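Trainee: Structure in structure tokens, see below.
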Amino acid sequence: MVPRRADGTPLGARPGQVLAVPPDLSNTGDPRQGCDPANPGSVYVTFPSCQLIAEVDLRTQRILQSRQFVRDPNNDAITVVDTGADPLCPIDCAEQFEDPDYAAALASAPPGDPDGMYPLAMALVTPPADPTACVDFADLEVQDVSLYVGGLGSDNIYELRYDGKTWTDDPLEFELTAAQGISAIRPTPPMLMASGPDPDPEPYQFLYVIAGDGSTRVVRREFSPNRTELGSECDTQVDPTVVTAAACHPAEFPGENPPDRRPFARGPGIRGPNGSLITDWTFQKWYSAAEVSAAGGSYDRCPSATADTAEASAEGRAISSPFTGPGVVGVASTSFGRLVFGVFDQFQDDRRISTAYDYLGIMDAQIPPHSLWPNVDPTLATTTIEALPRMEDKVPDRLLPNGIADPTVTRTLSPSLRRIDRAYETRVACNNDNDCDDVRCLLSEGESTGYCEQIGPALSPPVSEREQDRLAKSEEDDDVMASGLYENDVVRAVVRDYSAWVSGTWNLFWEGEIPGTTSASGQLLCEEPGWAGGTCLSTTAGDTRLVDKTAQFCERGVLGGDKLFILGCNQDPDCGAGQYCLLDPQAPAGSPGLCVSEVAYGASREELLQMCRPFLRDDCGAARREWAITRAFQQELWLQVLDRPVDSYVMMRQEKTSASTPVTDEEREALCRGDLVAGRVIDGEPTCARTQDEPNCGQEGELPCCASDYGFIGDPGFIECESRLTCAPEQPDNGCNTHADCAAQTPDYPLCIDGACKRPCGPDEDCALTPLPGPECFRELIRYQVLARNSFIVRGPYDFLPQKVKADPESSECYEDPEVSNLLTSRIRLGEDEADTRQNALWPIPSCPAGDERPDGGAPNPCFIDVERPAALDGNTPNAIYHFFKYGPAGDGQRPVPAIRYSNPMMSIVLDLTSLLDLAAPIPGTDDALWPAEFTEFKRSRIPGRAREAFGTKAGYAPYDANVVTASVTLTGPTRIVNAPELSTVFVVDSAGGTTRGQVVRVTLAGGQVEPDVRFLVR
């Protein structure tokens, strides 16, 4: 058939989508039921290039009514114009005008509109044809007729209202922000859904709109016949912590990442799995007999279920198929030739993972409406451990560079991630004293079971076999826990968003690299060179800077306060063409060199070694080519000198001292400077005496007693020192092992730390790490990377560093955008101690809000946990999930161990700023020496450079994504999907499959199986 205007002239426009008009709406004559070849009725057709929708008589081929969507070139507004039965269109199909009678019409055809709406998508919503048929109360809410139209050239949906069978002149319109056009509109069946705190269901109907941005946008349709608005858009990517209306959370667009939307979600729409595009939707409604009867309908006129689904439902079998009970299910085809299902209210009840696995409820298992149906329901009692959002069953990998020796034992107290409770289990059950090792069994009155007494400092409250999170797998003969998840003491993470949980490896890097900042095209600029041009003198901000025209520092997440690290070379091939690697022969083995030009290397190698010495070697070993970034711009970094880092080390107190005696400031300073190291001689005089040599040492007129040898039990005790350390120019040939080695050879540097003789920098001494780089040493393009200074960086399958950082549109300076969700951060900045971390002038970490178990994008992140662990735990215990421990002797001597909660879109973890496991364990190198309570305090100086802790996550949410294939049928490029008469069966138009130009496939979806019907095939 050829669509024609009223005078019989061909329309000449290419049709888009076709929609059959119900008989009672058709303008072809009296409504007729059934199929009448003499009066086939009419269809609605879109003609995109003509900006037209028309009703076409299938018998006469004439246009009966039409509307044209005309865009105003002045304001871009679209007006719907009644073009009656004689619209004029650009010519797409010129062969329809071969008859000479149509020559004039062909010649006078209007040109196309490149900025037009190009209407394509249509959807018709009508009331039930028979209110006594298969209907429920939701169906009866639809009281009028609406035709929805959308186009590829507009983000607006238009609702054409009806006056009898004719479209009215007052259409409603609704804009889908940033939709990039509309290719399909699919109304859902009306349904009853509960939403928000009110458990009573309400009627809902939605429009699933396939948009040009690759998503399916969801619009809630208004029911009232007197409505003045088409509806409202639902955000299908709302963060589960802030849902206010589960059935349709309003979609809002404040910036790129609204606080109430899942971070990284590309808009509010549904997207296909694994990068696929959803090409079409259909919806199947399984009616409840009780609801149909209550509405006055007839259940025996409802669609029937397939046999295997009915059997599964009758037998109560748990299968993956959505078709096992009443409700509405979406069925969608994807560009990968697969089928997925849509969720409405099937998971709306209070669903949580079995307490056998998740006693405290730390695992989110929400499947909100308008999600894709999960491959596995994690809340079923039959669900296996492997299907749960969980941690990799492996002890986290913790790396503390430079090792642990007697002076540096405090490194073990560096921050570490909180593990499951069993890792801290110290309370041992007992029936009598014989069950305890040299301590009493403490029994409450009337109780036959108690706990062994704890002597000395310990974690509090003590973790017992019963009072814990029960995430550890129980032994076969243990009746305390039903199951548990882990054999190892894994990191404990709270699942924030089940849909965002993925498998992968996560790393916590101290001063780690900011991803994407490593480059070989940096150029150092110096406005005021220093001696011989080897260094740079910075008297004004910005005098020394790195410029890289290929960089995008803000987009990578760089901020002022980070630091620049210049990479070196070990051999000539590490450098560019025409460059040699300048290595200092006096530097320690493996120390990296600098890339210099071949000409400079040949002409002035010795001079370069002299002027560039600060960048080739340091008295402590290899040079540390690191500088503070004072300001960061999109392609430029301003640099300043860094001080040497503050290091923590332990010194034993003087012999003849009682550990219980308070340490005076004078004693602390002398011990930390190394004044009391045995064997130290200044100007021919010893600075202290050993008691074995001078029993009267420490008395008036005598030399002070020397510090004791390392031994952490009993007297004389020990203290923790913090200093910026500098190294002796001359070191022992094979390094030092003890302080005495240094005192004997380099008395001015009496401390042996990490195998080198060192001393604290003096109060008036320049303790800079490395001078600013000058033009003679860094004339060539350099290789560099940016490190996050004084911060832990959290890196894993998701990278959140760049999300909050923006470039100022005028200055291009990098700044953190406060409007972006606080979950989009990978930094945990730490001050010198807890007070400096909480009150830092630039980056303070506030306290966590009370009762904030699953923080949303507006909550502070990271934040300090200010609530103590409760003595007893269960799923309803406040503070059971996030809390701090105390440490110390029982009674008033216990001190809180500071803890920080860090969250990202996927999970929340706890970082204990003093490692709980190491604090409660014997001091390294001893069997039973315990840390004094004051060591619970956090000190940043304990963290060795490039410290790291790694853990893994497993499984998580995965949508049911079914491949449709048999030996004879393969679904390749589905473009249209429609329901079969029976439930859980669809027909799929596959435009790319088959052996010729496509195929139509019948697919059954029941019983958890998606199978094409090999007996039905149209090619």
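By order in the structure tokens, chains are A, B, ...; within a chain, residues start at 1; ligands start at 1, following the order shown.
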Just want the 8 Å neighbourhood of stretch 459-471 of chain A, counted on only C-alpha atoms, with same-chain residues fewer than 5 positions away dropped. Output as a PDB file with N, CA, C and O atoms, in the first residue's frame.
Mentor:
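Output below, filename selection-v9.pdb:
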```pdb
ATOM      1  N   TYR A 357      24.861 -16.420  57.177  1.00  0.00           N
ATOM      2  CA  TYR A 357      26.038 -15.858  56.533  1.00  0.00           C
ATOM      3  C   TYR A 357      26.327 -14.435  57.009  1.00  0.00           C
ATOM      4  O   TYR A 357      27.470 -13.999  57.023  1.00  0.00           O
ATOM      5  N   ASP A 358      25.292 -13.694  57.326  1.00  0.00           N
ATOM      6  CA  ASP A 358      25.431 -12.269  57.568  1.00  0.00           C
ATOM      7  C   ASP A 358      24.674 -11.889  58.837  1.00  0.00           C
ATOM      8  O   ASP A 358      23.588 -11.325  58.795  1.00  0.00           O
ATOM      9  N   TYR A 359      25.264 -12.182  59.965  1.00  0.00           N
ATOM     10  CA  TYR A 359      24.612 -12.033  61.268  1.00  0.00           C
ATOM     11  C   TYR A 359      24.280 -10.579  61.567  1.00  0.00           C
ATOM     12  O   TYR A 359      23.227 -10.265  62.125  1.00  0.00           O
ATOM     13  N   LEU A 360      25.165  -9.646  61.173  1.00  0.00           N
ATOM     14  CA  LEU A 360      24.964  -8.241  61.510  1.00  0.00           C
ATOM     15  C   LEU A 360      24.287  -7.452  60.391  1.00  0.00           C
ATOM     16  O   LEU A 360      23.947  -6.291  60.582  1.00  0.00           O
ATOM     17  N   ILE A 420      37.541  -9.042  59.924  1.00  0.00           N
ATOM     18  CA  ILE A 420      36.379  -9.625  60.589  1.00  0.00           C
ATOM     19  C   ILE A 420      36.728  -9.869  62.052  1.00  0.00           C
ATOM     20  O   ILE A 420      37.906  -9.987  62.428  1.00  0.00           O
ATOM     21  N   ASP A 421      35.718  -9.977  62.892  1.00  0.00           N
ATOM     22  CA  ASP A 421      35.932  -9.976  64.341  1.00  0.00           C
ATOM     23  C   ASP A 421      36.816 -11.106  64.830  1.00  0.00           C
ATOM     24  O   ASP A 421      37.520 -10.961  65.836  1.00  0.00           O
ATOM     25  N   ARG A 422      36.772 -12.259  64.152  1.00  0.00           N
ATOM     26  CA  ARG A 422      37.555 -13.386  64.661  1.00  0.00           C
ATOM     27  C   ARG A 422      39.042 -13.052  64.759  1.00  0.00           C
ATOM     28  O   ARG A 422      39.765 -13.607  65.604  1.00  0.00           O
ATOM     29  N   TYR A 424      40.342 -10.610  66.052  1.00  0.00           N
ATOM     30  CA  TYR A 424      40.628  -9.950  67.324  1.00  0.00           C
ATOM     31  C   TYR A 424      40.105 -10.744  68.520  1.00  0.00           C
ATOM     32  O   TYR A 424      39.999 -10.212  69.622  1.00  0.00           O
ATOM     33  N   GLU A 425      39.780 -11.997  68.275  1.00  0.00           N
ATOM     34  CA  GLU A 425      39.221 -12.822  69.349  1.00  0.00           C
ATOM     35  C   GLU A 425      40.295 -13.106  70.389  1.00  0.00           C
ATOM     36  O   GLU A 425      41.284 -13.794  70.135  1.00  0.00           O
ATOM     37  N   THR A 426      40.103 -12.567  71.588  1.00  0.00           N
ATOM     38  CA  THR A 426      41.067 -12.754  72.678  1.00  0.00           C
ATOM     39  C   THR A 426      40.432 -13.356  73.916  1.00  0.00           C
ATOM     40  O   THR A 426      41.126 -13.850  74.798  1.00  0.00           O
ATOM     41  N   ARG A 427      39.127 -13.311  74.009  1.00  0.00           N
ATOM     42  CA  ARG A 427      38.455 -13.837  75.202  1.00  0.00           C
ATOM     43  C   ARG A 427      38.259 -15.334  75.042  1.00  0.00           C
ATOM     44  O   ARG A 427      37.592 -15.787  74.108  1.00  0.00           O
ATOM     45  N   VAL A 428      38.835 -16.100  75.945  1.00  0.00           N
ATOM     46  CA  VAL A 428      38.803 -17.559  75.880  1.00  0.00           C
ATOM     47  C   VAL A 428      37.770 -18.078  76.881  1.00  0.00           C
ATOM     48  O   VAL A 428      37.803 -17.735  78.070  1.00  0.00           O
ATOM     49  N   ALA A 429      36.860 -18.918  76.413  1.00  0.00           N
ATOM     50  CA  ALA A 429      35.847 -19.500  77.291  1.00  0.00           C
ATOM     51  C   ALA A 429      36.476 -20.548  78.203  1.00  0.00           C
ATOM     52  O   ALA A 429      37.460 -21.227  77.854  1.00  0.00           O
ATOM     53  N   VAL A 480      28.023 -22.659  67.977  1.00  0.00           N
ATOM     54  CA  VAL A 480      27.791 -21.244  68.215  1.00  0.00           C
ATOM     55  C   VAL A 480      27.293 -20.561  66.959  1.00  0.00           C
ATOM     56  O   VAL A 480      26.369 -19.782  66.968  1.00  0.00           O
ATOM     57  N   MET A 481      27.897 -20.883  65.801  1.00  0.00           N
ATOM     58  CA  MET A 481      27.533 -20.248  64.541  1.00  0.00           C
ATOM     59  C   MET A 481      26.975 -21.296  63.598  1.00  0.00           C
ATOM     60  O   MET A 481      27.420 -22.447  63.595  1.00  0.00           O
ATOM     61  N   GLY A 484      28.712 -19.070  58.531  1.00  0.00           N
ATOM     62  CA  GLY A 484      29.818 -18.149  58.321  1.00  0.00           C
ATOM     63  C   GLY A 484      30.317 -18.227  56.888  1.00  0.00           C
ATOM     64  O   GLY A 484      29.930 -19.088  56.103  1.00  0.00           O
ATOM     65  N   LEU A 485      31.209 -17.296  56.541  1.00  0.00           N
ATOM     66  CA  LEU A 485      31.652 -17.175  55.157  1.00  0.00           C
ATOM     67  C   LEU A 485      33.117 -17.480  54.933  1.00  0.00           C
ATOM     68  O   LEU A 485      33.491 -18.016  53.891  1.00  0.00           O
ATOM     69  N   TYR A 486      33.983 -17.135  55.890  1.00  0.00           N
ATOM     70  CA  TYR A 486      35.416 -17.091  55.594  1.00  0.00           C
ATOM     71  C   TYR A 486      36.228 -18.029  56.474  1.00  0.00           C
ATOM     72  O   TYR A 486      35.991 -18.127  57.677  1.00  0.00           O
ATOM     73  N   ARG A 869      32.881   0.188  70.464  1.00  0.00           N
ATOM     74  CA  ARG A 869      32.305  -1.126  70.174  1.00  0.00           C
ATOM     75  C   ARG A 869      31.447  -1.570  71.349  1.00  0.00           C
ATOM     76  O   ARG A 869      31.876  -1.523  72.514  1.00  0.00           O
ATOM     77  N   PRO A 870      30.207  -2.027  71.061  1.00  0.00           N
ATOM     78  CA  PRO A 870      29.359  -2.520  72.159  1.00  0.00           C
ATOM     79  C   PRO A 870      29.865  -3.864  72.670  1.00  0.00           C
ATOM     80  O   PRO A 870      30.530  -4.620  71.957  1.00  0.00           O
ATOM     81  N   ALA A 871      29.517  -4.150  73.913  1.00  0.00           N
ATOM     82  CA  ALA A 871      29.970  -5.405  74.519  1.00  0.00           C
ATOM     83  C   ALA A 871      29.279  -6.608  73.908  1.00  0.00           C
ATOM     84  O   ALA A 871      29.853  -7.690  73.806  1.00  0.00           O
ATOM     85  N   ALA A 872      28.019  -6.453  73.496  1.00  0.00           N
ATOM     86  CA  ALA A 872      27.260  -7.543  72.879  1.00  0.00           C
ATOM     87  C   ALA A 872      26.828  -7.112  71.487  1.00  0.00           C
ATOM     88  O   ALA A 872      26.525  -5.948  71.244  1.00  0.00           O
ATOM     89  N   LEU A 873      26.793  -8.072  70.561  1.00  0.00           N
ATOM     90  CA  LEU A 873      26.479  -7.759  69.169  1.00  0.00           C
ATOM     91  C   LEU A 873      25.323  -8.601  68.662  1.00  0.00           C
ATOM     92  O   LEU A 873      25.239  -9.790  68.950  1.00  0.00           O
ATOM     93  N   ASP A 874      24.440  -7.959  67.908  1.00  0.00           N
ATOM     94  CA  ASP A 874      23.510  -8.671  67.039  1.00  0.00           C
ATOM     95  C   ASP A 874      23.067  -7.688  65.973  1.00  0.00           C
ATOM     96  O   ASP A 874      23.500  -6.532  65.945  1.00  0.00           O
ATOM     97  N   PHE A 885      37.760   0.356  68.944  1.00  0.00           N
ATOM     98  CA  PHE A 885      38.161  -0.431  70.104  1.00  0.00           C
ATOM     99  C   PHE A 885      38.940   0.457  71.076  1.00  0.00           C
ATOM    100  O   PHE A 885      39.419   1.542  70.704  1.00  0.00           O
ATOM    101  N   LYS A 886      39.070  -0.029  72.270  1.00  0.00           N
ATOM    102  CA  LYS A 886      40.003   0.558  73.221  1.00  0.00           C
ATOM    103  C   LYS A 886      41.139  -0.424  73.470  1.00  0.00           C
ATOM    104  O   LYS A 886      41.022  -1.620  73.193  1.00  0.00           O
ATOM    105  N   TYR A 887      42.248   0.123  73.989  1.00  0.00           N
ATOM    106  CA  TYR A 887      43.390  -0.734  74.302  1.00  0.00           C
ATOM    107  C   TYR A 887      44.036  -0.229  75.581  1.00  0.00           C
ATOM    108  O   TYR A 887      44.148   0.986  75.806  1.00  0.00           O
ATOM    109  N   GLY A 888      44.490  -1.169  76.368  1.00  0.00           N
ATOM    110  CA  GLY A 888      45.201  -0.826  77.591  1.00  0.00           C
ATOM    111  C   GLY A 888      44.838  -1.777  78.704  1.00  0.00           C
ATOM    112  O   GLY A 888      44.055  -2.720  78.528  1.00  0.00           O
ATOM    113  N   GLN A 894      42.636   2.313  79.813  1.00  0.00           N
ATOM    114  CA  GLN A 894      42.352   2.018  78.416  1.00  0.00           C
ATOM    115  C   GLN A 894      42.145   3.297  77.612  1.00  0.00           C
ATOM    116  O   GLN A 894      41.545   4.256  78.092  1.00  0.00           O
ATOM    117  N   LEU A 916      45.215  -2.679  64.976  1.00  0.00           N
ATOM    118  CA  LEU A 916      44.709  -3.418  66.133  1.00  0.00           C
ATOM    119  C   LEU A 916      45.435  -4.744  66.331  1.00  0.00           C
ATOM    120  O   LEU A 916      45.784  -5.109  67.462  1.00  0.00           O
ATOM    121  N   ALA A 920      47.714  -5.437  69.715  1.00  0.00           N
ATOM    122  CA  ALA A 920      47.353  -6.468  70.687  1.00  0.00           C
ATOM    123  C   ALA A 920      48.332  -7.630  70.691  1.00  0.00           C
ATOM    124  O   ALA A 920      48.234  -8.512  71.548  1.00  0.00           O
TER     125      ALA A 920
END
```
Trainee: Can you list every residue in stretch 627-764 of chain A that DSSP puts in alpha helix (DSSP H), as a PyMOL selection string?
Mentor: chain A and resi 665-673+739-745
Trainee: Put those residues in a file: N, CA and C atoms, as an mmCIF file, in the first residue's frame.
Mentor:
```
data_model
loop_
_atom_site.group_PDB
_atom_site.id
_atom_site.type_symbol
_atom_site.label_atom_id
_atom_site.label_comp_id
_atom_site.auth_asym_id
_atom_site.auth_seq_id
_atom_site.Cartn_x
_atom_site.Cartn_y
_atom_site.Cartn_z
ATOM 1 N N ASP A 665 60.975 15.927 79.753
ATOM 2 C CA ASP A 665 61.279 16.471 78.427
ATOM 3 C C ASP A 665 62.775 16.432 78.164
ATOM 4 N N GLU A 666 63.570 16.701 79.186
ATOM 5 C CA GLU A 666 65.019 16.700 79.021
ATOM 6 C C GLU A 666 65.512 15.300 78.674
ATOM 7 N N GLU A 667 64.986 14.275 79.381
ATOM 8 C CA GLU A 667 65.403 12.906 79.093
ATOM 9 C C GLU A 667 64.985 12.498 77.688
ATOM 10 N N ARG A 668 63.756 12.853 77.310
ATOM 11 C CA ARG A 668 63.266 12.488 75.972
ATOM 12 C C ARG A 668 64.151 13.085 74.891
ATOM 13 N N GLU A 669 64.477 14.373 75.030
ATOM 14 C CA GLU A 669 65.292 15.018 74.008
ATOM 15 C C GLU A 669 66.670 14.371 73.921
ATOM 16 N N ALA A 670 67.254 14.061 75.069
ATOM 17 C CA ALA A 670 68.588 13.448 75.062
ATOM 18 C C ALA A 670 68.544 12.065 74.431
ATOM 19 N N LEU A 671 67.544 11.268 74.772
ATOM 20 C CA LEU A 671 67.438 9.931 74.201
ATOM 21 C C LEU A 671 67.214 9.995 72.692
ATOM 22 N N CYS A 672 66.316 10.883 72.247
ATOM 23 C CA CYS A 672 65.981 10.947 70.827
ATOM 24 C C CYS A 672 67.138 11.494 69.997
ATOM 25 N N ARG A 673 67.981 12.371 70.569
ATOM 26 C CA ARG A 673 69.151 12.863 69.847
ATOM 27 C C ARG A 673 70.246 11.812 69.767
ATOM 28 N N HIS A 739 73.189 1.070 67.302
ATOM 29 C CA HIS A 739 73.565 2.458 67.558
ATOM 30 C C HIS A 739 75.048 2.550 67.915
ATOM 31 N N ALA A 740 75.579 1.550 68.582
ATOM 32 C CA ALA A 740 76.983 1.587 68.977
ATOM 33 C C ALA A 740 77.902 1.639 67.758
ATOM 34 N N ASP A 741 77.503 0.978 66.653
ATOM 35 C CA ASP A 741 78.314 1.042 65.432
ATOM 36 C C ASP A 741 78.471 2.479 64.971
ATOM 37 N N CYS A 742 77.384 3.250 65.042
ATOM 38 C CA CYS A 742 77.435 4.637 64.600
ATOM 39 C C CYS A 742 78.166 5.508 65.615
ATOM 40 N N ALA A 743 77.911 5.267 66.903
ATOM 41 C CA ALA A 743 78.558 6.076 67.936
ATOM 42 C C ALA A 743 80.069 5.960 67.859
ATOM 43 N N ALA A 744 80.557 4.784 67.487
ATOM 44 C CA ALA A 744 82.004 4.576 67.428
ATOM 45 C C ALA A 744 82.616 5.236 66.199
ATOM 46 N N GLN A 745 81.921 5.208 65.043
ATOM 47 C CA GLN A 745 82.516 5.713 63.804
ATOM 48 C C GLN A 745 82.114 7.155 63.503
#
```
Trainee: Pick out the residues sitting within 9 Å of stretch 647-662 of chain A, and hand them over as a PyMOL selection string; count only C-alpha atoms, and ignore anything fewer than 6 positions along from it in its own chain.
Mentor: chain A and resi 406-411+668+671-672+674+676+690-691+697-698+704-712+714-725+753+939-944
Trainee: For A:Asp866, please output as a PyMOL selection string all residues within 12 Å (counting only C-alpha atoms; exclusion window: fewer than 3 positions along the same chain).
Mentor: chain A and resi 838+846-852+863+869+879+882-886+896-901
Trainee: Leaving out stretch 621-623 of chain A and any residue of its chain fewer than 2 positions from it, which residues lie within 8 Å of it when counting only C-alpha atoms, given as a VMD selection string?
Mentor: chain A and resid 587 to 588 591 to 592 614 to 619 625 770
Trainee: What's around A:Gly153 at 8 Å? Count only C-alpha atoms, leave out sequence neighbours fewer than 6 positions away in its own chain, and write the answer as number ranges by chain.
Mentor: A: 115-119, 180-182
Trainee: Where in stretch 190-430 of chain A does DSSP assign strand (DSSP E), given as a PyMOL selection string?
Mentor: chain A and resi 191-195+198-204+206-211+216-221+231-234+278-286+327-334+338-342+390-391+397-399+416-417+429-430
Trainee: For a quick check of understanding, using only C-alpha atoms, which of A:Pro3, A:Gly891, A:Pro40, A:Pro127 has the smallest distance to A:Gln61?
Mentor: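 Answer, going by the shortest atom-to-atom distance: A:Pro3.
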Trainee: Which is closest to A:Tyr102 among A:Gln65, A:Ser908, A:Thr334, A:Thr9, if we use only C-alpha atoms?
Mentor: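 Residue with the minimum atom-to-atom distance to A:Tyr102: A:Thr9.
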Trainee: Which residue, A:Tyr44, A:Phe341, A:Tyr784, A:Tyr451, has the smallest gap to A:Gly516 when you use only C-alpha atoms?
Mentor: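 Going through A:Tyr44, A:Phe341, A:Tyr784, A:Tyr451 one by one, the smallest distance to A:Gly516 is for A:Tyr784.
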Trainee: Pick the closest to A:Phe938 from A:Pro573, A:Leu413, A:Asp766, A:Thr953: which is it, counting only C-alpha atoms?
Mentor: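 With only C-alpha atoms as the atom set, the closest residue is A:Leu413.
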